[in-house]
Amino acid sequence: MEVLILGGGVVGVTTAYQLLKDGHKVLVIDRLPPGIGGASYGNAGLIATGHSIAWGSPKALKIWFNSLFHKDPVFRMKFQADPQFIRWGLKFLFQCSEYKAKRNSLAKHRISSYSQKKLKEVVEETNIQYEQNVNGLIYLYRNSQALAASSSHVRLLQEIGQTLETVEKERVLEIVPELRDSKDQIAGGVFSPTDESGDSKIFTEQLMECCRGMGGTFESGVTIERLEASGTRIKRVVTNRGVFTADNYVLCLGAWSPLLVRTSLGVRISVCPVKGYSITIPVEKGHTPPRIGGLHEEDLLGFAPMGNHFRVSSVSEFTGYDIGHTPEDFEHILSTSKKLFPNAGNYDKAQFWSGFRPMTPEGTPILGKERHSNLFYNTGHGHLGWTMSCGTARITADLIAGKTPEISTELMGVR
Ligand SMILES: Cc1cc2nc3c(=O)[nH]c(=O)nc-3n(C[C@H](O)[C@H](O)[C@H](O)COP(=O)(O)OP(=O)(O)OC[C@H]3O[C@@H](n4cnc5c(N)ncnc54)[C@H](O)[C@@H]3O)c2cc1C
C-alpha cells in the first residue's frame, strides 16, 4: 500500500519506520527537513514514563486561574478570543477532577510504557546513536511539602508496576553528585531508574536515514495547503509543490494538525499549541553536567545531558501560534539552570529555541480515524511526544494493517 505521511517530526518518522517494516511504500512530506520544523527539534529529551501524569487536575485549576492575574515565570497564559482556544480550555477544565486526573494519568502511562518498549526494539533493530542515556531520571523538589504531596502520583504509578523511589537529599546527591554545589536548592526527589533520555532531533534524523535504507522517501520544502476529500475518502493533498496522492494518509503535523483538518475537512480536533523554551549549552573541557536527566518540579525545568551539549527546557505558555522569542523569555530557564547546574556547560554560548507542545485536554494522543476511511491521525502527543512516539507509530501501523493494537487505545480516539 502507498502511505503518505504528513509531517516529519519524531512522530512522522517513527510512523514511517513502522510502516516500512510492514512492507508499505512510504513518503513523508514536510516544509522543513525531518526533525527540524517542530517540537522534536529542541525538547528536553526525556523519555519520562515515570512522569506520565495528567496536567489536568484540581491543582491545575488554581494555577490556571492565578496565571490570568499574576505573572508566573513558568506558566503563562495570554487570553485569546479564539473559539478554538476557548473550546480547548473548557474541555481542559472538564478534565480537572480527581477522577479524570487519575484516569488520564493511567492512560498516559499505558502508552508511554508501551512506547518505551517499542523504542528499545527500534534501537536494537537499527543500532542508531542519539546520545541515549538509560541510567534513569531524577524528579527534584526544592520544597519538602511538595515532595510529600507527590506521594499520591508516585503510588498511582507504582501500583501499575513503575519503579519509583522517593529519596532524601543525601540519596539525590549520591545519584547526581553534580548537584552537590547546589544542594540548598533540593529537599529530595523521586528517582525513576528505568526512565531515560536522548536527543530526539538526532534520533529523528538517524531513523530517517534507516527509513531511506528501507526504501522510504522524504521530501522537504513541501508546505501542505489542504486535504481534498470525496465522500468519506481523502482524494489528494494539495501543497506548494503540487498534488500528492496515496492509498492512506497519516496526519503527524504536531501542534499544526488541527489547523489543516479544520480548514480542509471541517474536522475539529482538540490540540492546543503550548509553547515551551529550551537552551542548549555546549559542554566543554572541565564542565560537569548532571550524569542523568530529570525535572526540577517547582520550576518545571527539564534537563538532560546529551554528549557534548546540555539541554534545559521550561515554561508552558498559551499564546497561540506565535513561535518567536525574546531574551526575557529565557531569563527563568537561564537563572534556574545556573543555580542548579553552575558548571554544566558554557552558558555564554547557549543556543535558544522555542517550540509548541501539541497538547490535548486529556494529555493522551489522538489516534485512529474520524469520518475519512483512509486518513489516520497520529498527533496531539503534548509534553510527552518523544516518549510516546515509537508506541503510537506502531499502533498507527497496526490500525492501517487492520490489526488490533497490542494495547488498549481507550481515551486516544479522534476527539
Ligand atoms: C519545550 C519542550 C520540551 C519538551 N520536552 C519533552 C520531553 O522531555 N520528553 C517528551 O517526551 N516530549 C517533550 N516535549 C514534547 C515533544 O517534543 C512533542 O510532543 C513532539 O516532538 C511532537 O512531535 P510531532 O512529530 O508530533 O510534532 P513536531 O515535531 O512539531 O513536527 C511537526 C512537523 O509538521 C511540520 N508541519 C507543520 N505544518 C506543516 C505544513 N502545513 N506543511 C508541511 N509541514 C508542516 C513541521 O515542519 C514539523 O516538522 C517537549 C516539547 C517542548 C516544546
# chains A, B, ... in the order shown; residues from 1 in each chain; ligands from 1
call {"tool": "residues_around", "arguments": {"residues": "range 353-356 of chain A", "least_positions_apart": "3", "cutoff": "7 Å", "atoms": "only C-alpha atoms", "output": "PyMOL selection string"}}
result
chain A and resi 38-39+42+255+273-279+323+325
call {"tool": "select_by_dssp", "arguments": {"residues": "range 120-340 of chain A", "states": "alpha helix (DSSP H)", "output": "PyMOL selection string"}}
result
chain A and resi 120-126+144-149+151-159+169-175+200-213+257-265+331-340
call {"tool": "write_last_selection", "arguments": {"atoms": "C-alpha atoms", "output": "tab-separated table (two decimals), in the first residue's frame"}}
result
chain	number	residue	atom	x	y	z
A	120	LYS	CA	14.05	-0.28	22.75
A	121	GLU	CA	13.10	-2.52	19.82
A	122	VAL	CA	13.78	0.25	17.29
A	123	VAL	CA	17.21	0.90	18.80
A	124	GLU	CA	18.05	-2.82	18.81
A	125	GLU	CA	16.89	-3.21	15.20
A	126	THR	CA	18.69	-0.14	13.84
A	144	SER	CA	9.69	19.04	51.29
A	145	GLN	CA	5.89	19.63	51.40
A	146	ALA	CA	5.78	19.43	47.60
A	147	LEU	CA	7.84	16.24	47.73
A	148	ALA	CA	5.44	14.75	50.29
A	149	ALA	CA	2.48	15.79	48.12
A	151	SER	CA	3.37	10.60	47.03
A	152	SER	CA	-0.10	10.08	45.55
A	153	HIS	CA	1.30	10.26	41.97
A	154	VAL	CA	4.18	8.02	42.93
A	155	ARG	CA	1.83	5.46	44.46
A	156	LEU	CA	-0.51	5.56	41.46
A	157	LEU	CA	2.31	4.65	39.06
A	158	GLN	CA	3.96	2.19	41.46
A	159	GLU	CA	0.67	0.30	41.70
A	169	LYS	CA	18.55	14.86	49.71
A	170	GLU	CA	21.63	12.73	50.53
A	171	ARG	CA	20.49	9.93	48.21
A	172	VAL	CA	19.78	12.51	45.45
A	173	LEU	CA	23.37	13.67	45.79
A	174	GLU	CA	24.63	10.11	45.50
A	175	ILE	CA	22.61	9.62	42.31
A	200	SER	CA	15.06	13.47	19.72
A	201	LYS	CA	16.31	15.55	16.78
A	202	ILE	CA	19.34	13.30	16.28
A	203	PHE	CA	17.10	10.24	16.76
A	204	THR	CA	14.68	11.52	14.12
A	205	GLU	CA	17.46	12.26	11.64
A	206	GLN	CA	19.14	8.90	12.22
A	207	LEU	CA	15.88	7.00	11.92
A	208	MET	CA	15.11	8.87	8.71
A	209	GLU	CA	18.39	7.55	7.26
A	210	CYS	CA	17.38	3.99	8.26
A	211	CYS	CA	13.99	4.54	6.62
A	212	ARG	CA	15.71	5.68	3.43
A	213	GLY	CA	17.72	2.46	3.51
A	257	SER	CA	-2.56	19.32	12.93
A	258	PRO	CA	-5.89	20.93	13.95
A	259	LEU	CA	-5.44	23.82	11.51
A	260	LEU	CA	-5.23	21.57	8.44
A	261	VAL	CA	-8.15	19.27	9.20
A	262	ARG	CA	-10.40	22.10	10.35
A	263	THR	CA	-9.88	24.30	7.31
A	264	SER	CA	-9.83	21.44	4.77
A	265	LEU	CA	-12.34	18.96	6.17
A	331	GLU	CA	15.54	34.52	31.98
A	332	HIS	CA	13.80	31.90	34.14
A	333	ILE	CA	15.49	28.93	32.42
A	334	LEU	CA	18.92	30.50	32.50
A	335	SER	CA	18.80	31.68	36.11
A	336	THR	CA	17.33	28.42	37.44
A	337	SER	CA	19.69	26.27	35.44
A	338	LYS	CA	22.73	28.27	36.54
A	339	LYS	CA	21.64	27.93	40.17
A	340	LEU	CA	21.18	24.16	39.89
call {"tool": "residues_around", "arguments": {"residues": "range 398-412 of chain A", "least_positions_apart": "5", "cutoff": "9 Å", "atoms": "only C-alpha atoms", "output": "PyMOL selection string"}}
result
chain A and resi 18-19+22+104+107+110-111+114+248+362+364-368+374+376+393
call {"tool": "closest_residue", "arguments": {"among": "A:Ile53, A:Ala246, A:Val3, A:Leu253", "to": "ligand 1", "atoms": "only C-alpha atoms and all ligand atoms"}}
result
A:Leu253
call {"tool": "select_by_dssp", "arguments": {"residues": "range 198-305 of chain A", "states": "strand (DSSP E)", "output": "VMD selection string"}}
result
chain A and resid 217 to 219 224 to 230 233 to 239 242 to 244 248 to 251 272 to 282 293 to 296 301 to 305
call {"tool": "write_last_selection", "arguments": {"atoms": "N, CA and C atoms", "output": "tab-separated table (two decimals), in the first residue's frame"}}
result
chain	number	residue	atom	x	y	z
A	217	THR	N	10.84	7.43	1.34
A	217	THR	CA	11.21	8.69	0.66
A	217	THR	C	10.80	9.86	1.54
A	218	PHE	N	11.65	10.88	1.57
A	218	PHE	CA	11.37	12.09	2.36
A	218	PHE	C	11.50	13.30	1.46
A	219	GLU	N	10.49	14.15	1.49
A	219	GLU	CA	10.59	15.38	0.69
A	219	GLU	C	10.38	16.57	1.60
A	224	ILE	N	2.10	21.89	3.13
A	224	ILE	CA	0.78	21.31	2.86
A	224	ILE	C	-0.26	22.41	3.00
A	225	GLU	N	-1.06	22.59	1.95
A	225	GLU	CA	-2.06	23.67	1.96
A	225	GLU	C	-3.44	23.16	2.33
A	226	ARG	N	-3.83	22.04	1.77
A	226	ARG	CA	-5.15	21.48	2.13
A	226	ARG	C	-5.27	20.02	1.75
A	227	LEU	N	-6.24	19.36	2.38
A	227	LEU	CA	-6.61	18.00	2.01
A	227	LEU	C	-7.90	18.10	1.22
A	228	GLU	N	-8.04	17.27	0.21
A	228	GLU	CA	-9.31	17.25	-0.53
A	228	GLU	C	-9.93	15.87	-0.41
A	229	ALA	N	-11.21	15.86	-0.08
A	229	ALA	CA	-11.91	14.58	0.12
A	229	ALA	C	-13.01	14.43	-0.90
A	230	SER	N	-13.35	13.17	-1.13
A	230	SER	CA	-14.54	12.88	-1.92
A	230	SER	C	-15.33	11.86	-1.11
A	233	ARG	N	-13.54	9.55	1.64
A	233	ARG	CA	-12.12	9.24	1.37
A	233	ARG	C	-11.35	10.51	1.04
A	234	ILE	N	-10.10	10.55	1.51
A	234	ILE	CA	-9.20	11.64	1.09
A	234	ILE	C	-8.74	11.31	-0.31
A	235	LYS	N	-8.88	12.28	-1.20
A	235	LYS	CA	-8.50	12.06	-2.60
A	235	LYS	C	-7.08	12.52	-2.88
A	236	ARG	N	-6.71	13.69	-2.28
A	236	ARG	CA	-5.38	14.20	-2.56
A	236	ARG	C	-4.98	15.27	-1.56
A	237	VAL	N	-3.68	15.53	-1.55
A	237	VAL	CA	-3.12	16.57	-0.68
A	237	VAL	C	-2.54	17.65	-1.58
A	238	VAL	N	-3.00	18.87	-1.37
A	238	VAL	CA	-2.53	19.97	-2.21
A	238	VAL	C	-1.43	20.72	-1.46
A	239	THR	N	-0.29	20.91	-2.13
A	239	THR	CA	0.85	21.57	-1.49
A	239	THR	C	1.41	22.66	-2.40
A	242	GLY	N	2.74	21.06	-5.63
A	242	GLY	CA	1.85	20.21	-6.42
A	242	GLY	C	1.00	19.29	-5.56
A	243	VAL	N	0.42	18.30	-6.24
A	243	VAL	CA	-0.57	17.43	-5.60
A	243	VAL	C	0.07	16.08	-5.30
A	244	PHE	N	-0.24	15.54	-4.10
A	244	PHE	CA	0.26	14.21	-3.72
A	244	PHE	C	-0.94	13.30	-3.48
A	248	ASN	N	-3.37	5.61	1.66
A	248	ASN	CA	-3.68	6.06	3.02
A	248	ASN	C	-2.81	7.27	3.37
A	249	TYR	N	-3.32	8.07	4.30
A	249	TYR	CA	-2.63	9.29	4.72
A	249	TYR	C	-2.54	9.26	6.25
A	250	VAL	N	-1.40	9.75	6.79
A	250	VAL	CA	-1.27	9.83	8.26
A	250	VAL	C	-0.97	11.28	8.63
A	251	LEU	N	-1.77	11.81	9.54
A	251	LEU	CA	-1.61	13.21	9.97
A	251	LEU	C	-0.67	13.27	11.16
A	272	CYS	N	-3.96	21.97	21.28
A	272	CYS	CA	-3.62	23.37	21.52
A	272	CYS	C	-2.09	23.52	21.52
A	273	PRO	N	-1.56	24.53	20.84
A	273	PRO	CA	-0.10	24.73	20.91
A	273	PRO	C	0.28	25.31	22.28
A	274	VAL	N	1.07	24.58	23.04
A	274	VAL	CA	1.54	25.10	24.34
A	274	VAL	C	3.04	25.32	24.21
A	275	LYS	N	3.37	26.61	24.18
A	275	LYS	CA	4.75	26.97	23.85
A	275	LYS	C	5.71	26.68	25.00
A	276	GLY	N	6.87	26.18	24.65
A	276	GLY	CA	7.92	25.98	25.65
A	276	GLY	C	9.24	26.47	25.08
A	277	TYR	N	10.21	26.64	25.94
A	277	TYR	CA	11.51	27.19	25.53
A	277	TYR	C	12.62	26.25	25.98
A	278	SER	N	13.69	26.22	25.23
A	278	SER	CA	14.85	25.45	25.71
A	278	SER	C	16.15	26.15	25.35
A	279	ILE	N	17.16	25.82	26.14
A	279	ILE	CA	18.51	26.29	25.81
A	279	ILE	C	19.40	25.06	25.66
A	280	THR	N	20.34	25.16	24.74
A	280	THR	CA	21.29	24.07	24.52
A	280	THR	C	22.68	24.64	24.76
A	281	ILE	N	23.38	24.03	25.73
A	281	ILE	CA	24.62	24.62	26.21
A	281	ILE	C	25.78	23.69	25.83
A	282	PRO	N	26.80	24.21	25.16
A	282	PRO	CA	27.93	23.33	24.83
A	282	PRO	C	28.66	22.89	26.11
A	293	GLY	N	19.43	12.87	33.34
A	293	GLY	CA	18.46	13.95	33.16
A	293	GLY	C	17.37	13.91	34.22
A	294	GLY	N	16.45	14.83	34.09
A	294	GLY	CA	15.34	14.86	35.03
A	294	GLY	C	14.54	16.14	34.92
A	295	LEU	N	13.88	16.43	36.01
A	295	LEU	CA	12.98	17.59	36.03
A	295	LEU	C	13.06	18.23	37.41
A	296	HIS	N	13.17	19.54	37.46
A	296	HIS	CA	13.01	20.23	38.74
A	296	HIS	C	11.55	20.64	38.80
A	301	LEU	N	11.52	22.58	35.25
A	301	LEU	CA	12.75	22.66	34.47
A	301	LEU	C	13.20	21.26	34.08
A	302	GLY	N	13.06	20.94	32.78
A	302	GLY	CA	13.54	19.64	32.30
A	302	GLY	C	14.99	19.78	31.89
A	303	PHE	N	15.80	18.78	32.17
A	303	PHE	CA	17.22	18.86	31.79
A	303	PHE	C	17.73	17.48	31.38
A	304	ALA	N	18.68	17.49	30.47
A	304	ALA	CA	19.28	16.21	30.06
A	304	ALA	C	20.67	16.44	29.50
A	305	PRO	N	21.62	15.61	29.94
A	305	PRO	CA	22.94	15.65	29.31
A	305	PRO	C	22.85	14.97	27.95
call {"tool": "atom_distance", "arguments": {"atom1": "CA of Glu168 in chain A", "atom2": "CA of Ala187 in chain A"}}
result
6.9 Å
call {"tool": "closest_residue", "arguments": {"among": "A:Val10, A:Asp299, A:His381, A:Ile128", "to": "Asn143 in chain A", "atoms": "only C-alpha atoms"}}
result
A:Asp299
call {"tool": "residues_around", "arguments": {"residues": "Ala48 in chain A", "least_positions_apart": "2", "cutoff": "8 Å", "atoms": "only C-alpha atoms", "output": "list in words"}}
result
Leu46, Gly50, His51, Ser52, Ser112, Leu137, Asp195, Glu196, Ser197, Leu384 and Thr387 of chain A
call {"tool": "write_last_selection", "arguments": {"atoms": "N, CA and C atoms", "output": "PDB file, in the first residue's frame"}}
result
ATOM      1  N   LEU A  46      13.559  13.933  27.438  1.00  0.00           N
ATOM      2  CA  LEU A  46      13.287  12.933  28.471  1.00  0.00           C
ATOM      3  C   LEU A  46      12.317  11.863  27.979  1.00  0.00           C
ATOM      4  N   GLY A  50       8.008   7.427  33.826  1.00  0.00           N
ATOM      5  CA  GLY A  50       7.757   7.567  35.270  1.00  0.00           C
ATOM      6  C   GLY A  50       7.179   8.922  35.644  1.00  0.00           C
ATOM      7  N   HIS A  51       6.908   9.727  34.645  1.00  0.00           N
ATOM      8  CA  HIS A  51       6.323  11.045  34.934  1.00  0.00           C
ATOM      9  C   HIS A  51       5.080  11.244  34.071  1.00  0.00           C
ATOM     10  N   SER A  52       4.391  10.129  33.778  1.00  0.00           N
ATOM     11  CA  SER A  52       3.204  10.216  32.904  1.00  0.00           C
ATOM     12  C   SER A  52       1.994  10.665  33.721  1.00  0.00           C
ATOM     13  N   SER A 112       2.910   5.473  27.262  1.00  0.00           N
ATOM     14  CA  SER A 112       4.342   5.791  27.433  1.00  0.00           C
ATOM     15  C   SER A 112       5.153   4.522  27.675  1.00  0.00           C
ATOM     16  N   LEU A 137      15.955   8.754  35.407  1.00  0.00           N
ATOM     17  CA  LEU A 137      15.722  10.206  35.524  1.00  0.00           C
ATOM     18  C   LEU A 137      15.431  10.529  36.979  1.00  0.00           C
ATOM     19  N   ASP A 195      13.602   5.179  33.536  1.00  0.00           N
ATOM     20  CA  ASP A 195      13.421   6.259  32.554  1.00  0.00           C
ATOM     21  C   ASP A 195      14.751   6.538  31.857  1.00  0.00           C
ATOM     22  N   GLU A 196      14.682   7.289  30.774  1.00  0.00           N
ATOM     23  CA  GLU A 196      15.907   7.536  30.018  1.00  0.00           C
ATOM     24  C   GLU A 196      15.851   8.891  29.313  1.00  0.00           C
ATOM     25  N   SER A 197      16.878   9.194  28.552  1.00  0.00           N
ATOM     26  CA  SER A 197      16.866  10.451  27.793  1.00  0.00           C
ATOM     27  C   SER A 197      17.679  10.287  26.508  1.00  0.00           C
ATOM     28  N   LEU A 384       4.768  14.878  26.118  1.00  0.00           N
ATOM     29  CA  LEU A 384       5.490  13.601  26.146  1.00  0.00           C
ATOM     30  C   LEU A 384       5.572  12.951  24.760  1.00  0.00           C
ATOM     31  N   THR A 387       8.523  10.683  24.191  1.00  0.00           N
ATOM     32  CA  THR A 387       8.301   9.461  24.978  1.00  0.00           C
ATOM     33  C   THR A 387       7.310   8.525  24.285  1.00  0.00           C
TER      34      THR A 387
END
call {"tool": "residues_around", "arguments": {"residues": "Lys369 in chain A", "least_positions_apart": "6", "cutoff": "8 Å", "atoms": "only C-alpha atoms", "output": "list in words"}}
result
Leu375, Phe376, Tyr377, Gly413 and Val414 of chain A
call {"tool": "write_last_selection", "arguments": {"atoms": "N, CA and C atoms", "output": "tab-separated table (two decimals), in the first residue's frame"}}
result
chain	number	residue	atom	x	y	z
A	375	LEU	N	-7.75	8.32	6.24
A	375	LEU	CA	-6.95	9.34	6.95
A	375	LEU	C	-6.77	8.91	8.41
A	376	PHE	N	-5.53	8.60	8.77
A	376	PHE	CA	-5.22	8.15	10.13
A	376	PHE	C	-4.56	9.31	10.89
A	377	TYR	N	-5.00	9.50	12.12
A	377	TYR	CA	-4.45	10.57	12.95
A	377	TYR	C	-3.37	9.96	13.85
A	413	GLY	N	-8.89	8.16	21.03
A	413	GLY	CA	-9.59	8.28	19.75
A	413	GLY	C	-9.56	9.72	19.24
A	414	VAL	N	-10.11	9.92	18.03
A	414	VAL	CA	-10.17	11.26	17.46
A	414	VAL	C	-11.26	12.04	18.20
call {"tool": "closest_residue", "arguments": {"among": "A:Met388, A:Leu140, A:Leu4, A:Val283", "to": "ligand 1", "atoms": "only C-alpha atoms and all ligand atoms"}}
result
A:Met388
call {"tool": "atom_distance", "arguments": {"atom1": "CA of Thr15 in chain A", "atom2": "CA of Cys252 in chain A"}}
result
8.8 Å
call {"tool": "atom_distance", "arguments": {"atom1": "CA of Phe65 in chain A", "atom2": "CA of Gln80 in chain A"}}
result
14.6 Å
